[in-house]
Amino acid sequence: MSDAMHVSGPLAAAPKPVSPSLQAWRMFRQNHAALVGLAILAAIIVISLIGPYVYTVPPREMVWMPLTPPGQSEYILGTDYLGRDLLAGLINGGRVTLLVGFSAACLTVLIGVSVGALAGFFGGWVDNLLMRVTEFFQVLPHLLFAMVVVMLFSPTLLNISAAIGVVSWTSTARLTRAEFQRIREMEYVKAERAIGAGNARLIWRVILPNAAPPLIVVAALSIGTAILFEAGLSFLGLSDPNATSWGRMIGDNRPYILDSSWGVTFPGLCIFLTVLAISLVGDGLNDAFNPKLRQR
Amino acid sequence: MLNGSVIKLSNAVLLLIAVLILNFALIHVAPGDPVEVLVGEMGGATPEQIADLRAHFGLDRPLYIQIATYLGRVVQGDLGYSLYYDQPVTQLIAGRVGPTLLLVGTALLSAILVCTVLGVFSAQKRRSVLSHLVTVLSLAGFSAPAFWVGIMLILLLSVAIPILPISGMSSSDGAASGVMYVLDVLHHLILPALTLALIYLAFYSRLSRASMLEVLESDYVRTARAKGLPRRLVIYKHALRNAVLPVVTFAGLQFGQVISGAVLVETVFAWPGLGTLAFESILRRDTPTLLGILFFSSVMVVAMNLLTDFLVRRIDPRIKAQ
């Protein structure tokens, strides 16, 4: 700071302008926990995407003696109560878990941002109405409501993702609304309006990009929440019969925990690691976008 | 003041009516005939029962009359009939509320207590081991599925070191009575309550620490310290009261999530409460029971919100003054 003051010409000393996203990345890079999270997450995604082609043991067929402990056969993580290879199940289950988590989070963000943007931008009766709807979805016990929806409309991956998305958007909506209410009053928005920008342009092109940083953090975290949610639903038996996710593996193996603790331990560890990695990345993004809060 | 309460109360009633209408809509939008949806795929219903249900919901009449009939029945305490259990849903739920309240209450109270203590101590020394422990604990607790934590605790404390029962609310012989019965139930309560408390703790401890940090930096705490009050008095009398507030508010507002956690943990431990009932009704495709539990839980959430509001007013006189 003091160095900059002593330089002769003010322009000569001015650092090159750095784009906000590059600035954010520089902050993010200093957060070791977040980098570890990012690495874990990348590894999990890569394994889920290409793993099934490399490790070709069929995940849903009996390949060895049931309830073989880890390390006692060529199937290194052991087998479950039906003699299915646990490692193959984990690799293939990761796809389903990530897919549901990601699509549910997309829906969460889509609904949350739309509702919050409209409520925050227009205010008045629109805000009133939309906030009542938000309140309603906050009161609804999320898991139970999703259970009802999935049970009534067959448990397909699409329905499960939709059910999770439909109940999870309220906090995103509240955050978006608050951001829009704040930014709506800014000078540059007023200026934009004065030169004739329409509402759609103001919402999408002017305010939304400026509201984006906290929303990106929430979006990232909502993937983790959705994964936990999916795990809970499939643990309760509400999972797509044609797709094995990590949560369902825990549910399937639970009756046999006395004979095979590994059948529930490993899928649970996978969920734990994935959500932990997402949380770390989310925290890192939060710090990167709000350097002021870092001291906490 | 009174006006405010009336508005809040009518708001709550409106929310509950909305939940009922949603329930009603779900039954009608779901694929298949509403009666088939209600009977489920149990195939256990006789033609008379099906005809009964049709009359019960007045399915031959216009939709708005159907909704009105439905709402009218719920107001009279009729949430439908469970064909699987051969009991009115209201009765089923009434029989299961006690265990759930016991479990959730124990877990919630101990979580709030522990997180307050953690918050107070960790906020005083930011870089201490305890402070880092709070961060790690909340991160880990947030990232682990509740039911999985329960299973891991079973493997640890019921299987590896067999000191606690695996499941249920009392030993199956049922011979114990009086004090022995209470002790037996408490013995069974430890694991599920511990699991649930750990999950809640993850959510509250960070918040508790953050709010304590904020309060400790506030002007009135500095003033209290400056005028020479002992540190202990400042923390427990001036700061704590204000630092607990966000936690209580948050716990009340998030009560729906509290119930979600309870559903999963009860299922793991076969704790005979509403959560296990919900799980069983999925297995049996017992729609009326599941819808009844959904509605009843919504009532609990709304009631908790009102209660929290009341509590926060008691703790913080500033809100009352507004």
# chains A, B, ... in the order shown; residues from 1 in each chain; ligands from 1

$ residues_around --residues "region 135-148 of chain A" --least-positions-apart "5" --cutoff "6 Å" --atoms "only C-alpha atoms" --output "list of chain:residue names"
A:Ala163, A:Val167, B:Gly256, B:Ser260, B:Leu294, B:Ser298

$ write_last_selection --atoms "all heavy atoms" --output "mmCIF file, in the first residue's frame"
data_model
loop_
_atom_site.group_PDB
_atom_site.id
_atom_site.type_symbol
_atom_site.label_atom_id
_atom_site.label_comp_id
_atom_site.auth_asym_id
_atom_site.auth_seq_id
_atom_site.Cartn_x
_atom_site.Cartn_y
_atom_site.Cartn_z
ATOM 1 N N ALA A 163 -38.409 -34.342 -7.478
ATOM 2 C CA ALA A 163 -38.928 -34.205 -6.118
ATOM 3 C C ALA A 163 -37.935 -33.461 -5.238
ATOM 4 O O ALA A 163 -38.312 -32.587 -4.447
ATOM 5 C CB ALA A 163 -39.228 -35.579 -5.525
ATOM 6 N N VAL A 167 -38.475 -29.358 -3.599
ATOM 7 C CA VAL A 167 -38.537 -28.982 -2.182
ATOM 8 C C VAL A 167 -37.327 -28.179 -1.708
ATOM 9 O O VAL A 167 -37.357 -27.617 -0.621
ATOM 10 C CB VAL A 167 -38.695 -30.210 -1.257
ATOM 11 C CG1 VAL A 167 -40.024 -30.876 -1.481
ATOM 12 C CG2 VAL A 167 -37.561 -31.178 -1.423
ATOM 13 N N GLY B 256 -38.653 -28.494 9.938
ATOM 14 C CA GLY B 256 -38.948 -29.485 8.901
ATOM 15 C C GLY B 256 -37.759 -30.401 8.662
ATOM 16 O O GLY B 256 -37.903 -31.614 8.512
ATOM 17 N N SER B 260 -37.075 -34.446 9.081
ATOM 18 C CA SER B 260 -36.448 -35.297 8.057
ATOM 19 C C SER B 260 -35.373 -36.171 8.676
ATOM 20 O O SER B 260 -35.318 -37.378 8.435
ATOM 21 C CB SER B 260 -35.815 -34.439 6.963
ATOM 22 O OG SER B 260 -36.786 -33.667 6.318
ATOM 23 N N LEU B 294 -47.458 -36.648 6.655
ATOM 24 C CA LEU B 294 -47.005 -35.399 6.036
ATOM 25 C C LEU B 294 -47.769 -34.215 6.611
ATOM 26 O O LEU B 294 -47.184 -33.198 7.003
ATOM 27 C CB LEU B 294 -47.185 -35.459 4.514
ATOM 28 C CG LEU B 294 -46.851 -34.179 3.753
ATOM 29 C CD1 LEU B 294 -45.384 -33.833 3.893
ATOM 30 C CD2 LEU B 294 -47.207 -34.313 2.278
ATOM 31 N N SER B 298 -46.438 -31.214 9.121
ATOM 32 C CA SER B 298 -46.565 -29.798 8.771
ATOM 33 C C SER B 298 -47.169 -29.025 9.940
ATOM 34 O O SER B 298 -46.756 -27.900 10.236
ATOM 35 C CB SER B 298 -47.438 -29.603 7.542
ATOM 36 O OG SER B 298 -47.079 -30.511 6.543
#

$ residues_around --residues "region 127-144 of chain B" --least-positions-apart "4" --cutoff "9 Å" --atoms "only C-alpha atoms" --output "mmCIF file with all heavy atoms, in the first residue's frame"
data_model
loop_
_atom_site.group_PDB
_atom_site.id
_atom_site.type_symbol
_atom_site.label_atom_id
_atom_site.label_comp_id
_atom_site.auth_asym_id
_atom_site.auth_seq_id
_atom_site.Cartn_x
_atom_site.Cartn_y
_atom_site.Cartn_z
ATOM 1 N N GLY A 224 -24.342 -30.959 -3.049
ATOM 2 C CA GLY A 224 -24.084 -31.823 -1.900
ATOM 3 C C GLY A 224 -25.356 -32.172 -1.147
ATOM 4 O O GLY A 224 -25.598 -33.334 -0.800
ATOM 5 N N THR A 225 -26.198 -31.164 -0.919
ATOM 6 C CA THR A 225 -27.454 -31.406 -0.222
ATOM 7 C C THR A 225 -28.314 -32.393 -1.001
ATOM 8 O O THR A 225 -28.931 -33.294 -0.428
ATOM 9 C CB THR A 225 -28.224 -30.076 -0.062
ATOM 10 O OG1 THR A 225 -27.302 -29.061 0.279
ATOM 11 C CG2 THR A 225 -29.272 -30.190 1.011
ATOM 12 N N LEU A 228 -27.108 -35.951 -0.553
ATOM 13 C CA LEU A 228 -27.540 -36.496 0.741
ATOM 14 C C LEU A 228 -29.024 -36.841 0.704
ATOM 15 O O LEU A 228 -29.469 -37.856 1.247
ATOM 16 C CB LEU A 228 -27.280 -35.485 1.857
ATOM 17 C CG LEU A 228 -25.823 -35.277 2.255
ATOM 18 C CD1 LEU A 228 -25.719 -34.196 3.317
ATOM 19 C CD2 LEU A 228 -25.246 -36.574 2.782
ATOM 20 N N GLY A 268 -21.178 -45.460 2.173
ATOM 21 C CA GLY A 268 -21.335 -44.281 3.021
ATOM 22 C C GLY A 268 -20.114 -43.390 2.963
ATOM 23 O O GLY A 268 -20.225 -42.162 2.887
ATOM 24 N N LEU A 269 -18.925 -44.010 2.966
ATOM 25 C CA LEU A 269 -17.690 -43.224 2.865
ATOM 26 C C LEU A 269 -17.652 -42.451 1.558
ATOM 27 O O LEU A 269 -17.198 -41.306 1.511
ATOM 28 C CB LEU A 269 -16.472 -44.141 2.966
ATOM 29 C CG LEU A 269 -15.990 -44.478 4.376
ATOM 30 C CD1 LEU A 269 -14.804 -45.425 4.313
ATOM 31 C CD2 LEU A 269 -15.610 -43.203 5.119
ATOM 32 N N ILE A 271 -20.222 -41.331 -0.196
ATOM 33 C CA ILE A 271 -21.119 -40.179 -0.096
ATOM 34 C C ILE A 271 -20.455 -39.096 0.747
ATOM 35 O O ILE A 271 -20.420 -37.917 0.378
ATOM 36 C CB ILE A 271 -22.459 -40.586 0.544
ATOM 37 C CG1 ILE A 271 -23.182 -41.602 -0.329
ATOM 38 C CG2 ILE A 271 -23.341 -39.365 0.769
ATOM 39 C CD1 ILE A 271 -24.429 -42.156 0.313
ATOM 40 N N PHE A 272 -19.908 -39.527 1.886
ATOM 41 C CA PHE A 272 -19.280 -38.589 2.815
ATOM 42 C C PHE A 272 -18.175 -37.802 2.117
ATOM 43 O O PHE A 272 -18.151 -36.567 2.173
ATOM 44 C CB PHE A 272 -18.736 -39.378 4.006
ATOM 45 C CG PHE A 272 -17.982 -38.552 4.992
ATOM 46 C CD1 PHE A 272 -18.624 -37.556 5.706
ATOM 47 C CD2 PHE A 272 -16.635 -38.766 5.214
ATOM 48 C CE1 PHE A 272 -17.934 -36.788 6.619
ATOM 49 C CE2 PHE A 272 -15.942 -37.997 6.124
ATOM 50 C CZ PHE A 272 -16.584 -37.009 6.821
ATOM 51 N N LEU A 273 -17.296 -38.522 1.424
ATOM 52 C CA LEU A 273 -16.173 -37.863 0.745
ATOM 53 C C LEU A 273 -16.660 -36.877 -0.308
ATOM 54 O O LEU A 273 -16.164 -35.753 -0.406
ATOM 55 C CB LEU A 273 -15.298 -38.908 0.053
ATOM 56 C CG LEU A 273 -14.039 -39.349 0.776
ATOM 57 C CD1 LEU A 273 -13.248 -40.296 -0.100
ATOM 58 C CD2 LEU A 273 -13.195 -38.125 1.124
ATOM 59 N N THR A 274 -17.643 -37.305 -1.099
ATOM 60 C CA THR A 274 -18.139 -36.443 -2.170
ATOM 61 C C THR A 274 -18.740 -35.163 -1.608
ATOM 62 O O THR A 274 -18.408 -34.062 -2.044
ATOM 63 C CB THR A 274 -19.205 -37.181 -2.996
ATOM 64 O OG1 THR A 274 -18.700 -38.453 -3.348
ATOM 65 C CG2 THR A 274 -19.572 -36.411 -4.233
ATOM 66 N N VAL A 275 -19.633 -35.328 -0.610
ATOM 67 C CA VAL A 275 -20.289 -34.144 -0.065
ATOM 68 C C VAL A 275 -19.281 -33.259 0.660
ATOM 69 O O VAL A 275 -19.338 -32.028 0.563
ATOM 70 C CB VAL A 275 -21.449 -34.548 0.873
ATOM 71 C CG1 VAL A 275 -22.153 -33.318 1.411
ATOM 72 C CG2 VAL A 275 -22.438 -35.419 0.136
ATOM 73 N N LEU A 276 -18.327 -33.904 1.341
ATOM 74 C CA LEU A 276 -17.284 -33.132 2.026
ATOM 75 C C LEU A 276 -16.503 -32.308 1.012
ATOM 76 O O LEU A 276 -16.254 -31.111 1.212
ATOM 77 C CB LEU A 276 -16.346 -34.083 2.770
ATOM 78 C CG LEU A 276 -15.268 -33.432 3.625
ATOM 79 C CD1 LEU A 276 -15.893 -32.757 4.818
ATOM 80 C CD2 LEU A 276 -14.254 -34.462 4.082
ATOM 81 N N ALA A 277 -16.117 -32.948 -0.100
ATOM 82 C CA ALA A 277 -15.355 -32.239 -1.129
ATOM 83 C C ALA A 277 -16.157 -31.053 -1.657
ATOM 84 O O ALA A 277 -15.619 -29.950 -1.825
ATOM 85 C CB ALA A 277 -14.999 -33.193 -2.265
ATOM 86 N N ILE A 278 -17.449 -31.285 -1.896
ATOM 87 C CA ILE A 278 -18.293 -30.194 -2.400
ATOM 88 C C ILE A 278 -18.362 -29.059 -1.375
ATOM 89 O O ILE A 278 -18.267 -27.877 -1.723
ATOM 90 C CB ILE A 278 -19.696 -30.718 -2.744
ATOM 91 C CG1 ILE A 278 -19.614 -31.667 -3.940
ATOM 92 C CG2 ILE A 278 -20.645 -29.570 -3.052
ATOM 93 C CD1 ILE A 278 -20.904 -32.359 -4.252
ATOM 94 N N SER A 279 -18.509 -29.416 -0.087
ATOM 95 C CA SER A 279 -18.570 -28.381 0.944
ATOM 96 C C SER A 279 -17.283 -27.572 0.990
ATOM 97 O O SER A 279 -17.323 -26.344 1.128
ATOM 98 C CB SER A 279 -18.804 -28.999 2.322
ATOM 99 O OG SER A 279 -19.914 -29.834 2.308
ATOM 100 N N LEU A 280 -16.151 -28.272 0.881
ATOM 101 C CA LEU A 280 -14.866 -27.564 0.924
ATOM 102 C C LEU A 280 -14.749 -26.602 -0.248
ATOM 103 O O LEU A 280 -14.333 -25.452 -0.085
ATOM 104 C CB LEU A 280 -13.707 -28.568 0.895
ATOM 105 C CG LEU A 280 -13.518 -29.402 2.167
ATOM 106 C CD1 LEU A 280 -12.432 -30.441 1.972
ATOM 107 C CD2 LEU A 280 -13.180 -28.502 3.344
ATOM 108 N N CYS B 115 -23.904 -27.242 21.730
ATOM 109 C CA CYS B 115 -23.368 -26.277 20.769
ATOM 110 C C CYS B 115 -23.225 -24.905 21.408
ATOM 111 O O CYS B 115 -22.332 -24.145 21.031
ATOM 112 C CB CYS B 115 -24.216 -26.214 19.501
ATOM 113 S SG CYS B 115 -25.573 -25.085 19.572
ATOM 114 N N LEU B 118 -19.947 -25.253 23.262
ATOM 115 C CA LEU B 118 -18.868 -25.224 22.268
ATOM 116 C C LEU B 118 -18.689 -23.818 21.718
ATOM 117 O O LEU B 118 -17.571 -23.333 21.554
ATOM 118 C CB LEU B 118 -19.184 -26.178 21.110
ATOM 119 C CG LEU B 118 -18.881 -27.651 21.300
ATOM 120 C CD1 LEU B 118 -19.252 -28.421 20.042
ATOM 121 C CD2 LEU B 118 -17.415 -27.844 21.619
ATOM 122 N N GLY B 119 -19.820 -23.173 21.417
ATOM 123 C CA GLY B 119 -19.776 -21.831 20.845
ATOM 124 C C GLY B 119 -19.090 -20.863 21.781
ATOM 125 O O GLY B 119 -18.209 -20.106 21.384
ATOM 126 N N PHE B 121 -16.967 -21.445 24.283
ATOM 127 C CA PHE B 121 -15.537 -21.664 24.495
ATOM 128 C C PHE B 121 -14.726 -21.432 23.232
ATOM 129 O O PHE B 121 -13.641 -20.859 23.280
ATOM 130 C CB PHE B 121 -15.292 -23.071 25.045
ATOM 131 C CG PHE B 121 -15.676 -23.168 26.489
ATOM 132 C CD1 PHE B 121 -16.807 -23.868 26.877
ATOM 133 C CD2 PHE B 121 -14.919 -22.523 27.453
ATOM 134 C CE1 PHE B 121 -17.168 -23.929 28.210
ATOM 135 C CE2 PHE B 121 -15.282 -22.587 28.793
ATOM 136 C CZ PHE B 121 -16.408 -23.291 29.174
ATOM 137 N N SER B 122 -15.256 -21.876 22.091
ATOM 138 C CA SER B 122 -14.442 -21.758 20.887
ATOM 139 C C SER B 122 -14.392 -20.323 20.391
ATOM 140 O O SER B 122 -13.429 -19.928 19.746
ATOM 141 C CB SER B 122 -14.965 -22.692 19.793
ATOM 142 O OG SER B 122 -16.223 -22.262 19.365
ATOM 143 N N ALA B 123 -15.412 -19.533 20.703
ATOM 144 C CA ALA B 123 -15.413 -18.151 20.219
ATOM 145 C C ALA B 123 -14.399 -17.309 20.987
ATOM 146 O O ALA B 123 -13.908 -16.318 20.479
ATOM 147 C CB ALA B 123 -16.803 -17.543 20.358
ATOM 148 N N TRP B 148 -26.404 -43.117 7.825
ATOM 149 C CA TRP B 148 -25.121 -43.821 7.784
ATOM 150 C C TRP B 148 -24.364 -43.637 9.102
ATOM 151 O O TRP B 148 -23.780 -44.585 9.633
ATOM 152 C CB TRP B 148 -24.304 -43.319 6.603
ATOM 153 C CG TRP B 148 -23.001 -44.021 6.413
ATOM 154 C CD1 TRP B 148 -22.829 -45.310 6.004
ATOM 155 C CD2 TRP B 148 -21.702 -43.482 6.634
ATOM 156 N NE1 TRP B 148 -21.489 -45.601 5.953
ATOM 157 C CE2 TRP B 148 -20.769 -44.499 6.333
ATOM 158 C CE3 TRP B 148 -21.231 -42.236 7.047
ATOM 159 C CZ2 TRP B 148 -19.399 -44.303 6.435
ATOM 160 C CZ3 TRP B 148 -19.866 -42.043 7.141
ATOM 161 C CH2 TRP B 148 -18.961 -43.073 6.837
ATOM 162 N N VAL B 149 -24.398 -42.411 9.631
ATOM 163 C CA VAL B 149 -23.784 -42.167 10.935
ATOM 164 C C VAL B 149 -24.402 -43.105 11.972
ATOM 165 O O VAL B 149 -23.704 -43.705 12.783
ATOM 166 C CB VAL B 149 -23.988 -40.697 11.359
ATOM 167 C CG1 VAL B 149 -23.506 -40.483 12.787
ATOM 168 C CG2 VAL B 149 -23.256 -39.767 10.411
ATOM 169 N N LEU B 198 -25.841 -35.466 16.921
ATOM 170 C CA LEU B 198 -24.627 -35.169 16.159
ATOM 171 C C LEU B 198 -24.964 -34.420 14.878
ATOM 172 O O LEU B 198 -24.276 -33.479 14.486
ATOM 173 C CB LEU B 198 -23.888 -36.466 15.815
ATOM 174 C CG LEU B 198 -23.034 -37.077 16.920
ATOM 175 C CD1 LEU B 198 -22.436 -38.390 16.460
ATOM 176 C CD2 LEU B 198 -21.927 -36.110 17.302
ATOM 177 N N ILE B 199 -26.035 -34.868 14.218
ATOM 178 C CA ILE B 199 -26.440 -34.203 12.978
ATOM 179 C C ILE B 199 -26.859 -32.762 13.245
ATOM 180 O O ILE B 199 -26.420 -31.830 12.565
ATOM 181 C CB ILE B 199 -27.614 -34.968 12.323
ATOM 182 C CG1 ILE B 199 -27.226 -36.401 12.028
ATOM 183 C CG2 ILE B 199 -28.086 -34.265 11.068
ATOM 184 C CD1 ILE B 199 -26.080 -36.546 11.071
ATOM 185 N N TYR B 200 -27.699 -32.576 14.267
ATOM 186 C CA TYR B 200 -28.147 -31.213 14.590
ATOM 187 C C TYR B 200 -26.961 -30.345 14.991
ATOM 188 O O TYR B 200 -26.861 -29.183 14.625
ATOM 189 C CB TYR B 200 -29.168 -31.230 15.733
ATOM 190 C CG TYR B 200 -30.433 -31.988 15.439
ATOM 191 C CD1 TYR B 200 -31.220 -32.486 16.471
ATOM 192 C CD2 TYR B 200 -30.848 -32.199 14.137
ATOM 193 C CE1 TYR B 200 -32.382 -33.172 16.218
ATOM 194 C CE2 TYR B 200 -32.012 -32.895 13.873
ATOM 195 C CZ TYR B 200 -32.778 -33.385 14.917
ATOM 196 O OH TYR B 200 -33.927 -34.069 14.670
ATOM 197 N N LEU B 201 -26.063 -30.967 15.760
ATOM 198 C CA LEU B 201 -24.898 -30.243 16.249
ATOM 199 C C LEU B 201 -24.102 -29.670 15.089
ATOM 200 O O LEU B 201 -23.611 -28.541 15.142
ATOM 201 C CB LEU B 201 -24.039 -31.211 17.060
ATOM 202 C CG LEU B 201 -23.108 -30.605 18.089
ATOM 203 C CD1 LEU B 201 -23.902 -29.761 19.058
ATOM 204 C CD2 LEU B 201 -22.381 -31.699 18.838
ATOM 205 N N ALA B 202 -23.971 -30.480 14.035
ATOM 206 C CA ALA B 202 -23.219 -30.022 12.872
ATOM 207 C C ALA B 202 -23.832 -28.741 12.324
ATOM 208 O O ALA B 202 -23.131 -27.829 11.903
ATOM 209 C CB ALA B 202 -23.201 -31.103 11.802
ATOM 210 N N PHE B 203 -25.166 -28.695 12.341
ATOM 211 C CA PHE B 203 -25.829 -27.515 11.786
ATOM 212 C C PHE B 203 -25.724 -26.315 12.719
ATOM 213 O O PHE B 203 -25.594 -25.193 12.267
ATOM 214 C CB PHE B 203 -27.302 -27.819 11.525
ATOM 215 C CG PHE B 203 -27.524 -28.584 10.264
ATOM 216 C CD1 PHE B 203 -27.613 -29.957 10.292
ATOM 217 C CD2 PHE B 203 -27.623 -27.930 9.055
ATOM 218 C CE1 PHE B 203 -27.798 -30.665 9.120
ATOM 219 C CE2 PHE B 203 -27.808 -28.632 7.892
ATOM 220 C CZ PHE B 203 -27.900 -29.999 7.919
ATOM 221 N N TYR B 204 -25.794 -26.563 14.045
ATOM 222 C CA TYR B 204 -25.908 -25.431 14.967
ATOM 223 C C TYR B 204 -24.572 -24.899 15.471
ATOM 224 O O TYR B 204 -24.468 -23.731 15.803
ATOM 225 C CB TYR B 204 -26.769 -25.809 16.177
ATOM 226 C CG TYR B 204 -28.130 -26.334 15.823
ATOM 227 C CD1 TYR B 204 -28.782 -27.250 16.634
ATOM 228 C CD2 TYR B 204 -28.773 -25.903 14.660
ATOM 229 C CE1 TYR B 204 -30.030 -27.733 16.299
ATOM 230 C CE2 TYR B 204 -30.008 -26.389 14.323
ATOM 231 C CZ TYR B 204 -30.639 -27.312 15.141
ATOM 232 O OH TYR B 204 -31.861 -27.787 14.811
ATOM 233 N N SER B 205 -23.520 -25.784 15.544
ATOM 234 C CA SER B 205 -22.335 -25.352 16.278
ATOM 235 C C SER B 205 -21.619 -24.216 15.561
ATOM 236 O O SER B 205 -21.119 -23.287 16.189
ATOM 237 C CB SER B 205 -21.390 -26.524 16.502
ATOM 238 O OG SER B 205 -21.005 -27.071 15.280
ATOM 239 N N ARG B 206 -21.593 -24.268 14.235
ATOM 240 C CA ARG B 206 -20.937 -23.208 13.492
ATOM 241 C C ARG B 206 -21.675 -21.892 13.682
ATOM 242 O O ARG B 206 -21.085 -20.851 13.894
ATOM 243 C CB ARG B 206 -20.954 -23.569 12.018
ATOM 244 C CG ARG B 206 -19.605 -23.571 11.405
ATOM 245 C CD ARG B 206 -19.762 -24.006 9.995
ATOM 246 N NE ARG B 206 -18.564 -23.742 9.241
ATOM 247 C CZ ARG B 206 -18.461 -24.016 7.959
ATOM 248 N NH1 ARG B 206 -19.482 -24.542 7.328
ATOM 249 N NH2 ARG B 206 -17.364 -23.773 7.322
ATOM 250 N N ARG B 209 -21.068 -20.536 17.121
ATOM 251 C CA ARG B 209 -19.759 -19.914 17.263
ATOM 252 C C ARG B 209 -19.736 -18.552 16.566
ATOM 253 O O ARG B 209 -19.253 -17.569 17.116
ATOM 254 C CB ARG B 209 -18.675 -20.806 16.655
ATOM 255 C CG ARG B 209 -17.283 -20.328 16.951
ATOM 256 C CD ARG B 209 -16.270 -21.335 16.485
ATOM 257 N NE ARG B 209 -16.176 -21.333 15.047
ATOM 258 C CZ ARG B 209 -15.105 -20.896 14.379
ATOM 259 N NH1 ARG B 209 -14.068 -20.464 15.033
ATOM 260 N NH2 ARG B 209 -15.081 -20.916 13.079
#

$ residues_around --residues "region 11-14 of chain B" --least-positions-apart "6" --cutoff "10 Å" --atoms "only C-alpha atoms" --output "list in words"
Arg132, Phe136 and Val139 of chain A; Ser5, Leu20, Val299, Val301, Val302, Ala303, Asn305 and Leu306 of chain B

$ write_last_selection --atoms "N, CA, C and O atoms" --output "PDB file, in the first residue's frame"
ATOM      1  N   ARG A 132     -45.118 -15.901  -0.215  1.00  0.00           N
ATOM      2  CA  ARG A 132     -46.066 -16.820   0.428  1.00  0.00           C
ATOM      3  C   ARG A 132     -45.810 -18.249  -0.032  1.00  0.00           C
ATOM      4  O   ARG A 132     -45.799 -19.191   0.766  1.00  0.00           O
ATOM      5  N   PHE A 136     -44.582 -21.428   2.159  1.00  0.00           N
ATOM      6  CA  PHE A 136     -45.303 -22.696   2.135  1.00  0.00           C
ATOM      7  C   PHE A 136     -44.330 -23.865   1.959  1.00  0.00           C
ATOM      8  O   PHE A 136     -44.391 -24.864   2.673  1.00  0.00           O
ATOM      9  N   VAL A 139     -42.380 -24.630   5.079  1.00  0.00           N
ATOM     10  CA  VAL A 139     -43.104 -25.319   6.150  1.00  0.00           C
ATOM     11  C   VAL A 139     -43.215 -26.811   5.853  1.00  0.00           C
ATOM     12  O   VAL A 139     -43.116 -27.654   6.734  1.00  0.00           O
TER      13      VAL A 139
ATOM     14  N   SER B   5     -50.209 -11.389  16.750  1.00  0.00           N
ATOM     15  CA  SER B   5     -50.424 -12.812  17.015  1.00  0.00           C
ATOM     16  C   SER B   5     -51.555 -13.358  16.164  1.00  0.00           C
ATOM     17  O   SER B   5     -51.467 -14.474  15.636  1.00  0.00           O
ATOM     18  N   LEU B  20     -53.026 -29.189   2.902  1.00  0.00           N
ATOM     19  CA  LEU B  20     -54.116 -30.139   2.651  1.00  0.00           C
ATOM     20  C   LEU B  20     -54.518 -30.138   1.186  1.00  0.00           C
ATOM     21  O   LEU B  20     -54.754 -31.195   0.592  1.00  0.00           O
ATOM     22  N   VAL B 299     -48.166 -29.647  10.606  1.00  0.00           N
ATOM     23  CA  VAL B 299     -48.755 -29.005  11.783  1.00  0.00           C
ATOM     24  C   VAL B 299     -47.671 -28.770  12.838  1.00  0.00           C
ATOM     25  O   VAL B 299     -47.580 -27.689  13.421  1.00  0.00           O
ATOM     26  N   VAL B 301     -44.456 -28.449  12.349  1.00  0.00           N
ATOM     27  CA  VAL B 301     -43.534 -27.396  11.919  1.00  0.00           C
ATOM     28  C   VAL B 301     -44.129 -26.024  12.184  1.00  0.00           C
ATOM     29  O   VAL B 301     -43.477 -25.128  12.746  1.00  0.00           O
ATOM     30  N   VAL B 302     -45.408 -25.863  11.791  1.00  0.00           N
ATOM     31  CA  VAL B 302     -46.062 -24.567  11.997  1.00  0.00           C
ATOM     32  C   VAL B 302     -46.115 -24.237  13.481  1.00  0.00           C
ATOM     33  O   VAL B 302     -45.809 -23.111  13.907  1.00  0.00           O
ATOM     34  N   ALA B 303     -46.468 -25.235  14.303  1.00  0.00           N
ATOM     35  CA  ALA B 303     -46.531 -25.012  15.742  1.00  0.00           C
ATOM     36  C   ALA B 303     -45.161 -24.618  16.281  1.00  0.00           C
ATOM     37  O   ALA B 303     -45.037 -23.708  17.111  1.00  0.00           O
ATOM     38  N   ASN B 305     -42.767 -23.131  14.646  1.00  0.00           N
ATOM     39  CA  ASN B 305     -42.450 -21.768  14.228  1.00  0.00           C
ATOM     40  C   ASN B 305     -43.090 -20.754  15.165  1.00  0.00           C
ATOM     41  O   ASN B 305     -42.465 -19.773  15.560  1.00  0.00           O
ATOM     42  N   LEU B 306     -44.360 -21.011  15.510  1.00  0.00           N
ATOM     43  CA  LEU B 306     -45.051 -20.093  16.413  1.00  0.00           C
ATOM     44  C   LEU B 306     -44.379 -20.097  17.783  1.00  0.00           C
ATOM     45  O   LEU B 306     -44.170 -19.049  18.393  1.00  0.00           O
TER      46      LEU B 306
END

$ atom_distance --atom1 "CA of Ala173 (chain A)" --atom2 "CA of Val113 (chain A)"
5.5 Å

$ atom_distance --atom1 "CA of Ile195 (chain A)" --atom2 "CA of Phe180 (chain A)"
19.9 Å

$ residues_around --residues "Ala212 (chain A)" --least-positions-apart "4" --cutoff "12 Å" --atoms "only C-alpha atoms" --output "list in words"
Pro20, Ser21, Val109, Val113, Ala117, Thr172, Leu175, Thr176, Glu179, Phe180, Ile183, Ile203, Trp204, Arg205, Val206, Ile207, Leu208, Ile216, Val217, Val218, Ala219, Leu285, Asn286 and Phe289 of chain A
